[in-house]
>>> print(open('model_1.txt').read())   # compact mmCIF, C-alpha atoms
# COMPACT_ATOMS: atom_id res chain seq x y z
CA MET A 1 -90.39 24.35 39.16
CA GLU A 2 -91.18 20.81 38.08
CA ILE A 3 -92.22 21.59 34.51
CA VAL A 4 -91.77 18.91 31.89
CA ASP A 5 -92.38 19.61 28.24
CA THR A 6 -91.01 18.07 25.11
CA GLN A 7 -89.22 21.18 23.95
CA MET A 8 -87.32 21.92 27.15
CA VAL A 9 -86.35 18.40 28.22
CA ARG A 10 -84.28 15.77 26.52
CA ALA A 11 -83.28 12.41 27.93
CA SER A 12 -79.81 12.86 29.43
CA HIS A 13 -78.68 9.28 29.03
CA THR A 14 -79.71 5.88 27.74
CA PRO A 15 -81.75 4.23 30.49
CA VAL A 16 -80.50 1.01 32.02
CA VAL A 17 -83.08 -1.74 31.66
CA ARG A 18 -83.53 -3.72 34.87
CA THR A 19 -85.87 -6.63 35.49
CA PRO A 20 -88.32 -6.28 38.39
CA LEU A 21 -86.45 -9.02 40.26
CA HIS A 22 -83.12 -7.26 39.83
CA SER A 23 -84.62 -3.93 40.92
CA ASN A 24 -86.25 -5.45 43.99
CA LEU A 25 -83.03 -7.18 45.01
CA LEU A 26 -81.08 -3.94 44.61
CA GLU A 27 -83.70 -2.12 46.68
CA GLU A 28 -83.49 -4.69 49.48
CA HIS A 29 -79.69 -4.53 49.36
CA MET A 30 -79.60 -0.74 49.64
CA PHE A 31 -82.15 -0.69 52.47
CA ALA A 32 -80.06 -3.22 54.36
CA LYS A 33 -77.00 -1.00 53.93
CA LEU A 34 -78.89 2.10 55.05
CA ALA A 35 -80.17 0.21 58.08
CA THR A 36 -76.57 -0.39 59.18
CA VAL A 37 -75.99 3.38 59.09
CA SER A 38 -78.64 4.12 61.74
CA ARG A 39 -81.48 2.27 63.47
CA ASN A 40 -83.50 5.49 63.06
CA ILE A 41 -83.87 4.87 59.30
CA SER A 42 -87.07 3.14 58.16
CA ARG A 43 -89.27 2.93 55.10
CA LEU A 44 -91.64 5.81 54.33
CA SER A 45 -95.35 4.97 54.53
CA PRO A 46 -98.66 6.82 53.99
CA GLU A 47 -99.10 6.94 57.77
CA ASP A 48 -96.05 9.24 58.00
CA ALA A 49 -97.91 12.12 56.36
CA ASP A 50 -99.29 13.41 59.68
CA LEU A 51 -95.86 13.22 61.32
CA PHE A 52 -94.26 15.34 58.60
CA ARG A 53 -97.15 17.79 58.35
CA THR A 54 -97.05 18.39 62.09
CA THR A 55 -93.32 19.11 61.85
CA PHE A 56 -93.83 21.40 58.83
CA GLN A 57 -96.10 23.58 61.00
CA ASN A 58 -93.14 24.34 63.27
CA GLU A 59 -90.97 25.42 60.34
CA GLU A 60 -90.86 28.63 58.33
CA THR A 61 -93.19 28.35 55.34
CA CYS A 62 -91.27 27.12 52.32
CA TYR A 63 -91.66 25.02 49.18
CA ALA A 64 -90.22 21.92 50.87
CA ASN A 65 -92.88 21.91 53.63
CA SER A 66 -95.01 19.60 51.53
CA TRP A 67 -95.96 15.94 51.71
CA LEU A 68 -96.12 15.85 47.90
CA TYR A 69 -92.60 17.26 47.64
CA LEU A 70 -91.35 14.71 50.14
CA LEU A 71 -92.91 11.85 48.16
CA ARG A 72 -91.31 13.10 44.95
CA SER A 73 -87.88 13.80 46.38
CA THR A 74 -87.57 10.50 48.29
CA ARG A 75 -88.58 8.19 45.42
CA ASN A 76 -86.25 5.41 44.30
CA ASN A 77 -85.23 4.48 40.76
CA GLN A 78 -88.51 2.65 40.18
CA GLY A 79 -90.63 5.53 41.47
CA LYS A 80 -91.47 3.71 44.73
CA ARG A 81 -91.42 5.20 48.22
CA GLY A 82 -88.12 5.98 49.90
CA TYR A 83 -87.16 6.25 53.56
CA LYS A 84 -87.23 8.55 56.57
CA PHE A 85 -84.98 9.33 59.51
CA VAL A 86 -86.76 9.86 62.82
CA GLY A 87 -84.75 10.39 66.00
CA ASN A 88 -82.41 12.66 67.97
CA GLU A 89 -84.90 15.54 67.66
CA THR A 90 -84.55 15.30 63.87
CA LEU A 91 -86.87 14.36 61.02
CA MET A 92 -85.92 14.10 57.35
CA GLY A 93 -86.70 12.17 54.18
CA MET A 94 -84.17 9.83 52.58
CA SER A 95 -83.72 8.12 49.23
CA TYR A 96 -81.32 6.07 47.16
CA ARG A 97 -81.49 6.58 43.41
CA ASN A 98 -79.06 7.07 40.54
CA ASN A 99 -76.28 5.64 42.73
CA THR A 100 -76.77 8.53 45.16
CA VAL A 101 -78.08 8.85 48.72
CA TYR A 102 -80.40 11.83 49.17
CA LEU A 103 -81.15 13.44 52.54
CA VAL A 104 -84.23 15.64 52.19
CA HIS A 105 -85.17 18.72 54.26
CA PRO A 106 -83.74 17.90 57.72
CA MET A 107 -85.89 19.49 60.43
CA GLY A 108 -85.87 19.75 64.20
CA ALA A 109 -83.69 21.16 66.96
CA GLY A 110 -81.21 18.28 66.68
CA ARG A 111 -80.73 18.50 62.91
CA PHE A 112 -77.24 20.07 63.05
CA LYS A 113 -75.23 17.33 64.76
CA THR A 114 -77.57 14.55 63.63
CA THR A 115 -77.26 15.45 59.93
CA LEU A 116 -73.49 15.76 60.15
CA ASP A 117 -73.11 12.46 62.02
CA LEU A 118 -75.41 10.75 59.52
CA CYS A 119 -73.33 12.05 56.61
CA TYR A 120 -70.13 10.75 58.21
CA GLU A 121 -71.70 7.33 58.68
CA ILE A 122 -72.98 7.18 55.10
CA ARG A 123 -69.57 8.29 53.84
CA SER A 124 -67.78 5.55 55.80
CA ARG A 125 -70.18 2.70 54.95
CA MET A 126 -71.46 3.43 51.42
CA GLN A 127 -69.21 4.35 48.50
CA CYS A 128 -71.57 6.66 46.66
CA PRO A 129 -72.29 10.40 46.54
CA THR A 130 -74.58 11.97 49.14
CA VAL A 131 -76.78 14.97 48.29
CA LEU A 132 -78.55 17.07 50.93
CA LYS A 133 -81.68 18.68 49.50
CA LYS A 134 -83.59 21.70 50.87
CA ILE A 135 -81.12 22.70 53.56
CA ASP A 136 -82.13 25.80 55.54
CA GLN A 137 -79.64 28.62 55.82
CA ALA A 138 -78.54 27.90 59.41
CA LEU A 139 -77.90 24.22 58.68
CA TYR A 140 -76.18 25.10 55.39
CA GLU A 141 -73.70 27.38 57.16
CA TYR A 142 -73.09 24.82 59.92
CA LEU A 143 -72.37 21.98 57.48
CA SER A 144 -70.32 24.17 55.12
CA SER A 145 -67.98 25.11 57.99
CA THR A 146 -66.87 21.46 58.25
CA LYS A 147 -65.27 21.56 54.77
CA LEU A 148 -66.77 18.12 54.12
CA PHE A 149 -69.34 19.29 51.59
CA GLN A 150 -69.40 20.70 48.06
CA THR A 151 -71.83 23.34 46.82
CA ALA A 152 -74.13 23.04 43.83
CA THR A 153 -72.95 23.69 40.27
CA ASP A 154 -75.05 24.33 37.18
CA SER A 155 -73.38 21.40 35.39
CA SER A 156 -74.34 18.77 37.98
CA THR A 157 -77.49 16.69 37.47
CA LEU A 158 -77.37 15.31 41.02
CA PHE A 159 -79.00 18.44 42.44
CA GLU A 160 -82.12 17.97 40.31
CA GLU A 161 -84.60 20.86 40.72
CA GLU A 162 -82.24 22.67 43.11
CA THR A 163 -79.74 23.36 40.33
CA PHE A 164 -81.40 26.77 39.84
CA PRO A 165 -83.02 28.97 42.55
CA GLU A 166 -86.58 28.89 43.83
CA HIS A 167 -89.27 31.37 42.73
CA ILE A 168 -92.68 32.50 43.96
CA LEU A 169 -95.66 33.91 42.06
CA GLN A 170 -97.47 36.75 43.83
CA LEU A 171 -100.85 36.07 42.24
CA GLU A 172 -102.51 39.29 43.43
CA LYS A 173 -99.76 41.26 41.69
CA LEU A 174 -100.31 39.28 38.48
CA TYR A 175 -104.10 38.93 38.33
CA ASN A 176 -105.44 42.06 40.03
CA PRO A 177 -108.11 43.39 37.61
CA ALA A 178 -106.90 46.98 37.92
CA SER A 179 -103.12 46.66 37.92
CA GLY A 180 -102.22 43.00 37.37
CA LEU A 181 -99.12 42.41 35.25
CA TYR A 182 -100.89 39.60 33.38
CA HIS A 183 -103.36 42.17 32.04
CA GLN A 184 -100.53 43.93 30.23
CA SER A 185 -98.98 43.12 26.87
CA ILE A 186 -95.99 41.01 27.92
CA PRO A 187 -94.46 38.11 25.94
CA PHE A 188 -96.02 35.49 28.22
CA MET A 189 -99.54 36.89 27.78
CA ARG A 190 -99.12 37.31 24.03
CA LYS A 191 -98.51 33.55 23.76
CA VAL A 192 -101.52 32.86 25.99
CA LYS A 193 -103.78 34.95 23.77
CA ARG A 194 -102.33 33.47 20.59
CA PHE A 195 -103.24 29.97 21.74
CA ALA A 196 -106.70 31.06 22.86
CA LYS A 197 -107.47 32.54 19.43
CA SER A 198 -106.11 29.93 17.05
CA SER A 199 -106.01 26.55 18.80
CA PRO A 200 -108.58 23.96 19.90
CA LYS A 201 -110.36 24.64 23.17
CA LEU A 202 -109.06 22.65 26.14
CA LEU A 203 -111.35 21.19 28.78
CA VAL A 204 -110.47 20.66 32.44
CA GLU A 205 -111.10 17.86 34.92
CA THR A 206 -110.16 17.92 38.58
CA GLU A 207 -109.51 14.26 39.36
CA ILE A 208 -106.99 11.74 38.01
CA SER A 209 -108.47 8.32 38.74
CA ASP A 210 -107.84 7.03 35.20
CA VAL A 211 -105.48 9.66 33.84
CA GLU A 212 -102.61 7.25 33.12
CA SER A 213 -104.76 5.20 30.73
CA ASN A 214 -106.00 8.19 28.73
CA PRO A 215 -104.62 9.04 25.25
CA GLY A 216 -101.73 11.47 25.36
CA PHE A 217 -100.58 10.78 28.91
CA GLN A 218 -97.50 8.75 27.95
CA ASN A 219 -96.60 11.36 25.32
CA LEU A 220 -96.19 13.94 28.09
CA PHE A 221 -93.07 12.05 29.15
CA ALA A 222 -91.95 10.75 25.76
CA PHE A 223 -88.66 12.69 25.80
CA ASN A 224 -87.89 11.88 29.44
CA PRO A 225 -89.50 8.60 30.59
CA GLU A 226 -87.61 8.69 33.90
CA LYS A 227 -89.51 11.85 34.84
CA TYR A 228 -92.76 9.92 35.01
CA LYS A 229 -91.38 7.90 37.92
CA SER A 230 -90.84 11.08 39.94
CA TYR A 231 -94.61 11.69 39.89
CA MET A 232 -95.82 8.14 40.59
CA GLN A 233 -96.13 8.57 44.36
CA ILE A 234 -97.78 11.98 43.97
CA MET A 235 -100.46 10.51 41.71
CA ARG A 236 -100.95 7.57 44.09
CA GLU A 237 -101.42 10.03 46.95
CA ILE A 238 -103.96 12.07 44.99
CA ARG A 239 -105.94 8.92 44.17
CA SER A 240 -105.90 7.61 47.74
CA LYS A 241 -108.89 7.74 50.07
CA ASN A 242 -106.70 9.53 52.60
CA THR A 243 -106.50 12.68 50.49
CA LEU A 244 -107.45 15.67 52.63
CA ASN A 245 -110.40 17.68 51.37
CA GLY A 246 -109.14 20.96 49.94
CA LYS A 247 -105.49 20.12 50.56
CA TYR A 248 -104.69 19.61 46.88
CA LYS A 249 -105.62 21.34 43.63
CA ILE A 250 -105.63 19.15 40.51
CA CYS A 251 -106.26 20.13 36.89
CA VAL A 252 -106.08 17.75 33.93
CA TYR A 253 -106.26 19.48 30.54
CA TYR A 254 -107.53 17.56 27.51
CA ASP A 255 -108.95 18.26 24.06
CA GLU A 256 -112.22 17.22 22.41
CA HIS A 257 -110.75 13.81 21.58
CA ARG A 258 -109.99 13.21 25.28
CA THR A 259 -106.26 13.46 24.59
CA ILE A 260 -104.45 14.79 27.63
CA HIS A 261 -102.20 17.83 27.17
CA GLY A 262 -101.41 18.87 30.74
CA LEU A 263 -101.37 17.77 34.37
CA TYR A 264 -101.06 20.24 37.26
CA ILE A 265 -101.00 19.39 40.99
CA SER A 266 -100.47 21.80 43.89
CA GLU A 267 -100.65 21.48 47.68
CA LEU A 268 -101.90 23.94 50.29
CA LEU A 269 -98.96 24.95 52.51
CA GLU A 270 -100.90 27.34 54.73
CA LYS A 271 -103.80 29.75 54.34
CA LYS A 272 -103.58 31.53 50.95
CA ILE A 273 -100.28 29.79 50.04
CA MET A 274 -99.82 26.78 47.76
CA GLY A 275 -96.82 24.98 46.27
CA LEU A 276 -96.75 23.61 42.70
CA TYR A 277 -95.37 20.05 42.55
CA CYS A 278 -96.42 18.86 39.11
CA ALA A 279 -96.73 20.92 35.93
CA VAL A 280 -96.49 18.66 32.89
CA SER A 281 -97.49 19.86 29.44
CA SER A 282 -97.40 18.80 25.82
CA ARG A 283 -96.11 20.96 22.98
CA ALA A 284 -98.93 20.14 20.58
CA PHE A 285 -99.64 23.80 19.74
CA PRO A 286 -97.74 27.08 20.06
CA GLY A 287 -98.53 28.72 23.39
CA ILE A 288 -100.25 25.68 24.93
CA THR A 289 -97.92 25.56 27.96
CA GLU A 290 -98.35 29.28 28.58
CA TRP A 291 -102.13 29.01 28.27
CA MET A 292 -102.39 26.11 30.74
CA ASP A 293 -100.03 27.83 33.20
CA HIS A 294 -102.11 31.00 33.04
CA ASP A 295 -105.37 29.10 33.44
CA PHE A 296 -104.16 27.05 36.42
CA PHE A 297 -102.63 30.06 38.19
CA GLN A 298 -105.84 32.02 37.67
CA ARG A 299 -107.98 29.18 39.02
CA ILE A 300 -106.08 29.00 42.30
CA PHE A 301 -106.11 32.81 42.54
CA TYR A 302 -109.91 32.66 42.31
CA ASP A 303 -109.72 30.08 45.13
CA ASN A 304 -108.22 32.85 47.30
CA ILE A 305 -104.61 31.70 46.96
CA HIS A 306 -102.28 34.72 46.95
CA TYR A 307 -98.87 33.04 46.70
CA LEU A 308 -97.76 30.05 44.60
CA TYR A 309 -94.37 28.58 45.46
CA LEU A 310 -92.74 27.18 42.33
CA GLY A 311 -89.57 25.66 43.78
CA GLY A 312 -86.35 25.61 41.78
CA SER A 313 -85.50 24.40 38.29
CA GLU A 314 -83.49 21.46 37.02
CA THR A 315 -82.33 23.00 33.74
CA GLN A 316 -81.39 26.41 32.44
CA GLY A 317 -84.23 26.21 29.93
CA VAL A 318 -86.89 25.71 32.61
CA ASP A 319 -85.31 28.44 34.75
CA ALA A 320 -85.46 30.87 31.82
CA TYR A 321 -89.10 29.97 31.19
CA VAL A 322 -90.06 30.49 34.85
CA LYS A 323 -88.53 33.96 34.80
CA LYS A 324 -90.94 34.89 31.99
CA LEU A 325 -93.78 34.33 34.46
CA LEU A 326 -92.61 37.43 36.39
CA PRO A 327 -91.87 35.63 39.68
CA SER A 328 -90.43 36.93 42.93
CA THR A 329 -87.58 35.57 45.05
CA PRO A 330 -88.45 33.87 48.37
CA GLN A 331 -87.37 35.58 51.57
CA TYR A 332 -85.82 32.33 52.75
CA LEU A 333 -82.79 30.69 51.15
CA MET A 334 -82.36 26.96 50.68
CA ARG A 335 -79.40 25.43 48.89
CA PRO A 336 -78.17 21.86 48.39
CA LEU A 337 -74.85 20.35 49.42
CA SER A 338 -73.09 17.15 48.40
CA ILE A 339 -70.33 14.75 49.38
CA GLY A 340 -68.38 12.77 46.78
CA CYS A 341 -67.23 9.17 46.98
CA GLN A 342 -64.92 8.28 49.85
CA ASP A 343 -61.30 7.90 48.81
CA GLY A 344 -62.26 8.20 45.16
CA GLY A 345 -64.24 4.97 45.30
CA LEU A 346 -66.67 4.15 42.51
CA PRO A 347 -70.40 4.44 43.15
CA LEU A 348 -72.24 1.16 43.66
>>> encode(input="model_1.txt", output="structure tokens")
Amino acid sequence: MEIVDTQMVRASHTPVVRTPLHSNLLEEHMFAKLATVSRNISRLSPEDADLFRTTFQNEETCYANSWLYLLRSTRNNQGKRGYKFVGNETLMGMSYRNNTVYLVHPMGAGRFKTTLDLCYEIRSRMQCPTVLKKIDQALYEYLSSTKLFQTATDSSTLFEEETFPEHILQLEKLYNPASGLYHQSIPFMRKVKRFAKSSPKLLVETEISDVESNPGFQNLFAFNPEKYKSYMQIMREIRSKNTLNGKYKICVYYDEHRTIHGLYISELLEKKIMGLYCAVSSRAFPGITEWMDHDFFQRIFYDNIHYLYLGGSETQGVDAYVKKLLPSTPQYLMRPLSIGCQDGGLPL
């Protein structure tokens, strides 16, 4: 679950300051190197949304079947769009960031051999780690049998939100007026009620045209500025004229002074199922994160959404928090894999 709050997250390293010229040159250099790997690699564009959504419809419903997730997971170090691989009956997202090549959610009948061949080519031409994100179980077993790949570990930051397993909220089970678990006295609900009784009332807006210029927005990412870049393409998509009516659910929470305290964005995966791809909150008051979570979940439940896919978690703290929401485990299983540097070479 992509939750960011100032209590759970701390910056993991001192950021490297790069000038725009240096960043653009590095981007052009890496794209040129990726282009030598395969002529089927090209830059991702807004026009690709229909291509991916059509392919998602042929896949089992899962958290990764989302245009918003693809935008987030294929970003580069500056938060700009990444790449895609289209060919050989295979479609996947691609990215280069943090000195790592990411292959995201390979799909299609040809994904087995194509993904393996692509990994071999990247390994031979680029001396940097490769991480495969959102690998379905059949592809995971096929690639693992080659002994080329390593599995995820809790101590690795390369796996991002796949470090800890995915979860799903069964909203009917939680919000049913007669038997819903959120109507019982559980720790999560006690914090929700505590905030509701003793803290300022929060207001809600459902569009983000000027959200980045509002007071409080930058403070949401104060302890992890790099996280903001992971949401840049999602916010651009939400603001675009191409946004599909009813495809996304957006809630911006702010106080009477117009200071923003939370930003939530979800995407409709299929009828009655959504995925949560942005859940950013402040820690201005005790229980504020719990209250906003509860309010957003309840709103989409009232919109006739029965299941909310939360994805995985990047840290043990976020994973522990998600478990307090009383989630379920998905029926499907997706796990990441990685390849280290060739011959012990240093990353670029």
>>> residues_around(input="model_1.txt", residues="Glu205 of chain A", least_positions_apart="4", cutoff="12 Å", atoms="only C-alpha atoms", output="list in words")
Ser209, Asp210, Val211, Lys249, Ile250, Cys251, Val252, Tyr253, Tyr254, Asp255, Arg258, Ile260, His261, Gly262, Leu263, Tyr264, Ile265 and Phe296 of chain A
>>> closest_residue(input="model_1.txt", among="A:Leu103, A:Leu310, A:Met274, A:Ala284", to="Leu220 of chain A", atoms="all atoms listed in the file")
A:Ala284
>>> atom_distance(input="model_1.txt", atom1="atom CA of Ser282 of chain A", atom2="atom CA of Glu256 of chain A")
15.3 Å
>>> residues_around(input="model_1.txt", residues="Phe301 of chain A", least_positions_apart="5", cutoff="9 Å", atoms="all atoms listed in the file", output="PyMOL selection string")
chain A and resi 171-172+175+272+296+306-307
>>> write_last_selection(input="model_1.txt", atoms="C-alpha atoms", output="JSON list (two decimals), keeping the file's coordinate frame")
[["chain", "number", "residue", "atom", "x", "y", "z"],
["A", 171, "LEU", "CA", -100.85, 36.07, 42.24],
["A", 172, "GLU", "CA", -102.51, 39.29, 43.43],
["A", 175, "TYR", "CA", -104.10, 38.93, 38.33],
["A", 272, "LYS", "CA", -103.58, 31.53, 50.95],
["A", 296, "PHE", "CA", -104.16, 27.05, 36.42],
["A", 306, "HIS", "CA", -102.28, 34.72, 46.95],
["A", 307, "TYR", "CA", -98.87, 33.04, 46.70]]
>>> residues_around(input="model_1.txt", residues="segment 48-50 of chain A", least_positions_apart="4", cutoff="10 Å", atoms="all atoms listed in the file", output="list of chain:residue names")
A:Arg43, A:Leu44, A:Thr54, A:Thr55, A:Phe56, A:Ser66, A:Trp67, A:Leu68, A:Leu70, A:Leu71, A:Lys84, A:Asn242
>>> closest_residue(input="model_1.txt", among="A:Thr130, A:Thr114, A:Ser266, A:Asn40", to="Ser95 of chain A", atoms="all atoms listed in the file")
A:Thr130
>>> residues_near_point(input="model_1.txt", point="(-95.1, 34.9, 37.1)", cutoff="7 Å", atoms="all atoms listed in the file", output="list in words")
Leu169, Leu174, Lys324, Leu325, Leu326 and Pro327 of chain A
>>> residues_around(input="model_1.txt", residues="Pro187 of chain A", least_positions_apart="6", cutoff="12 Å", atoms="all atoms listed in the file", output="tab-separated table (two decimals) with C-alpha atoms, in the coordinates of the input")
chain	number	residue	atom	x	y	z
A	181	LEU	CA	-99.12	42.41	35.25
A	193	LYS	CA	-103.78	34.95	23.77
A	194	ARG	CA	-102.33	33.47	20.59
A	287	GLY	CA	-98.53	28.72	23.39
A	290	GLU	CA	-98.35	29.28	28.58
A	321	TYR	CA	-89.10	29.97	31.19
A	323	LYS	CA	-88.53	33.96	34.80
A	324	LYS	CA	-90.94	34.89	31.99
A	325	LEU	CA	-93.78	34.33	34.46
A	326	LEU	CA	-92.61	37.43	36.39
>>> atom_distance(input="model_1.txt", atom1="atom CA of Ile305 of chain A", atom2="atom CA of Lys271 of chain A")
7.7 Å
>>> residues_around(input="model_1.txt", residues="Ala138 of chain A", least_positions_apart="2", cutoff="12 Å", atoms="only C-alpha atoms", output="MDAnalysis selection string")
chainID A and resid 106:109 111:112 134:136 140:145 332:335
>>> atom_distance(input="model_1.txt", atom1="atom CA of Tyr96 of chain A", atom2="atom CA of Ile234 of chain A")
17.8 Å
>>> closest_residue(input="model_1.txt", among="A:Glu212, A:Glu226, A:Asp293, A:Glu267", to="Val322 of chain A", atoms="only C-alpha atoms")
A:Asp293
>>> axis_aligned_box(input="model_1.txt", around="segment 137-156 of chain A", padding_each_side="6 Å", output="JSON")
{"center_x": -72.5, "center_y": 23.4, "center_z": 47.7, "size_x": 26.4, "size_y": 22.5, "size_z": 36.5}
>>> build_atoms(input="model_1.txt", residues="segment 317-325 of chain A", atoms="all heavy atoms", output="PDB file, keeping the file's coordinate frame")
ATOM      1  N   GLY A 317     -83.066  25.908  30.756  1.00  0.00           N
ATOM      2  CA  GLY A 317     -84.230  26.210  29.930  1.00  0.00           C
ATOM      3  C   GLY A 317     -85.488  26.424  30.753  1.00  0.00           C
ATOM      4  O   GLY A 317     -86.252  27.361  30.511  1.00  0.00           O
ATOM      5  N   VAL A 318     -85.714  25.558  31.752  1.00  0.00           N
ATOM      6  CA  VAL A 318     -86.890  25.710  32.610  1.00  0.00           C
ATOM      7  C   VAL A 318     -86.741  26.973  33.465  1.00  0.00           C
ATOM      8  O   VAL A 318     -87.709  27.713  33.663  1.00  0.00           O
ATOM      9  CB  VAL A 318     -87.075  24.468  33.502  1.00  0.00           C
ATOM     10  CG1 VAL A 318     -88.192  24.705  34.521  1.00  0.00           C
ATOM     11  CG2 VAL A 318     -87.388  23.248  32.650  1.00  0.00           C
ATOM     12  N   ASP A 319     -85.535  27.236  33.957  1.00  0.00           N
ATOM     13  CA  ASP A 319     -85.310  28.440  34.750  1.00  0.00           C
ATOM     14  C   ASP A 319     -85.615  29.693  33.943  1.00  0.00           C
ATOM     15  O   ASP A 319     -86.249  30.636  34.439  1.00  0.00           O
ATOM     16  CB  ASP A 319     -83.858  28.471  35.237  1.00  0.00           C
ATOM     17  CG  ASP A 319     -83.559  29.665  36.132  1.00  0.00           C
ATOM     18  OD1 ASP A 319     -84.220  29.790  37.184  1.00  0.00           O
ATOM     19  OD2 ASP A 319     -82.682  30.471  35.771  1.00  0.00           O
ATOM     20  N   ALA A 320     -85.193  29.711  32.688  1.00  0.00           N
ATOM     21  CA  ALA A 320     -85.460  30.870  31.820  1.00  0.00           C
ATOM     22  C   ALA A 320     -86.963  31.024  31.573  1.00  0.00           C
ATOM     23  O   ALA A 320     -87.488  32.143  31.551  1.00  0.00           O
ATOM     24  CB  ALA A 320     -84.717  30.709  30.497  1.00  0.00           C
ATOM     25  N   TYR A 321     -87.654  29.902  31.405  1.00  0.00           N
ATOM     26  CA  TYR A 321     -89.100  29.970  31.190  1.00  0.00           C
ATOM     27  C   TYR A 321     -89.806  30.528  32.429  1.00  0.00           C
ATOM     28  O   TYR A 321     -90.695  31.393  32.328  1.00  0.00           O
ATOM     29  CB  TYR A 321     -89.655  28.581  30.862  1.00  0.00           C
ATOM     30  CG  TYR A 321     -91.165  28.564  30.751  1.00  0.00           C
ATOM     31  CD1 TYR A 321     -91.794  28.922  29.570  1.00  0.00           C
ATOM     32  CD2 TYR A 321     -91.959  28.211  31.843  1.00  0.00           C
ATOM     33  CE1 TYR A 321     -93.178  28.934  29.473  1.00  0.00           C
ATOM     34  CE2 TYR A 321     -93.335  28.225  31.759  1.00  0.00           C
ATOM     35  CZ  TYR A 321     -93.947  28.583  30.566  1.00  0.00           C
ATOM     36  OH  TYR A 321     -95.311  28.608  30.478  1.00  0.00           O
ATOM     37  N   VAL A 322     -89.425  30.039  33.605  1.00  0.00           N
ATOM     38  CA  VAL A 322     -90.060  30.490  34.850  1.00  0.00           C
ATOM     39  C   VAL A 322     -89.903  32.002  35.027  1.00  0.00           C
ATOM     40  O   VAL A 322     -90.818  32.694  35.483  1.00  0.00           O
ATOM     41  CB  VAL A 322     -89.483  29.732  36.060  1.00  0.00           C
ATOM     42  CG1 VAL A 322     -89.962  30.347  37.369  1.00  0.00           C
ATOM     43  CG2 VAL A 322     -89.877  28.264  35.997  1.00  0.00           C
ATOM     44  N   LYS A 323     -88.755  32.518  34.652  1.00  0.00           N
ATOM     45  CA  LYS A 323     -88.530  33.960  34.800  1.00  0.00           C
ATOM     46  C   LYS A 323     -89.473  34.784  33.919  1.00  0.00           C
ATOM     47  O   LYS A 323     -89.772  35.941  34.229  1.00  0.00           O
ATOM     48  CB  LYS A 323     -87.068  34.278  34.469  1.00  0.00           C
ATOM     49  CG  LYS A 323     -86.094  33.767  35.531  1.00  0.00           C
ATOM     50  CD  LYS A 323     -84.649  34.010  35.144  1.00  0.00           C
ATOM     51  CE  LYS A 323     -83.708  33.500  36.233  1.00  0.00           C
ATOM     52  NZ  LYS A 323     -82.281  33.633  35.859  1.00  0.00           N
ATOM     53  N   LYS A 324     -89.974  34.193  32.841  1.00  0.00           N
ATOM     54  CA  LYS A 324     -90.940  34.890  31.990  1.00  0.00           C
ATOM     55  C   LYS A 324     -92.308  35.019  32.654  1.00  0.00           C
ATOM     56  O   LYS A 324     -93.149  35.812  32.216  1.00  0.00           O
ATOM     57  CB  LYS A 324     -91.087  34.149  30.655  1.00  0.00           C
ATOM     58  CG  LYS A 324     -89.820  34.149  29.805  1.00  0.00           C
ATOM     59  CD  LYS A 324     -90.028  33.370  28.517  1.00  0.00           C
ATOM     60  CE  LYS A 324     -88.748  33.337  27.687  1.00  0.00           C
ATOM     61  NZ  LYS A 324     -88.913  32.557  26.428  1.00  0.00           N
ATOM     62  N   LEU A 325     -92.512  34.255  33.734  1.00  0.00           N
ATOM     63  CA  LEU A 325     -93.780  34.330  34.460  1.00  0.00           C
ATOM     64  C   LEU A 325     -93.827  35.507  35.428  1.00  0.00           C
ATOM     65  O   LEU A 325     -94.829  35.706  36.107  1.00  0.00           O
ATOM     66  CB  LEU A 325     -94.011  33.021  35.238  1.00  0.00           C
ATOM     67  CG  LEU A 325     -94.028  31.724  34.415  1.00  0.00           C
ATOM     68  CD1 LEU A 325     -94.163  30.521  35.345  1.00  0.00           C
ATOM     69  CD2 LEU A 325     -95.150  31.743  33.389  1.00  0.00           C
TER      70      LEU A 325
END
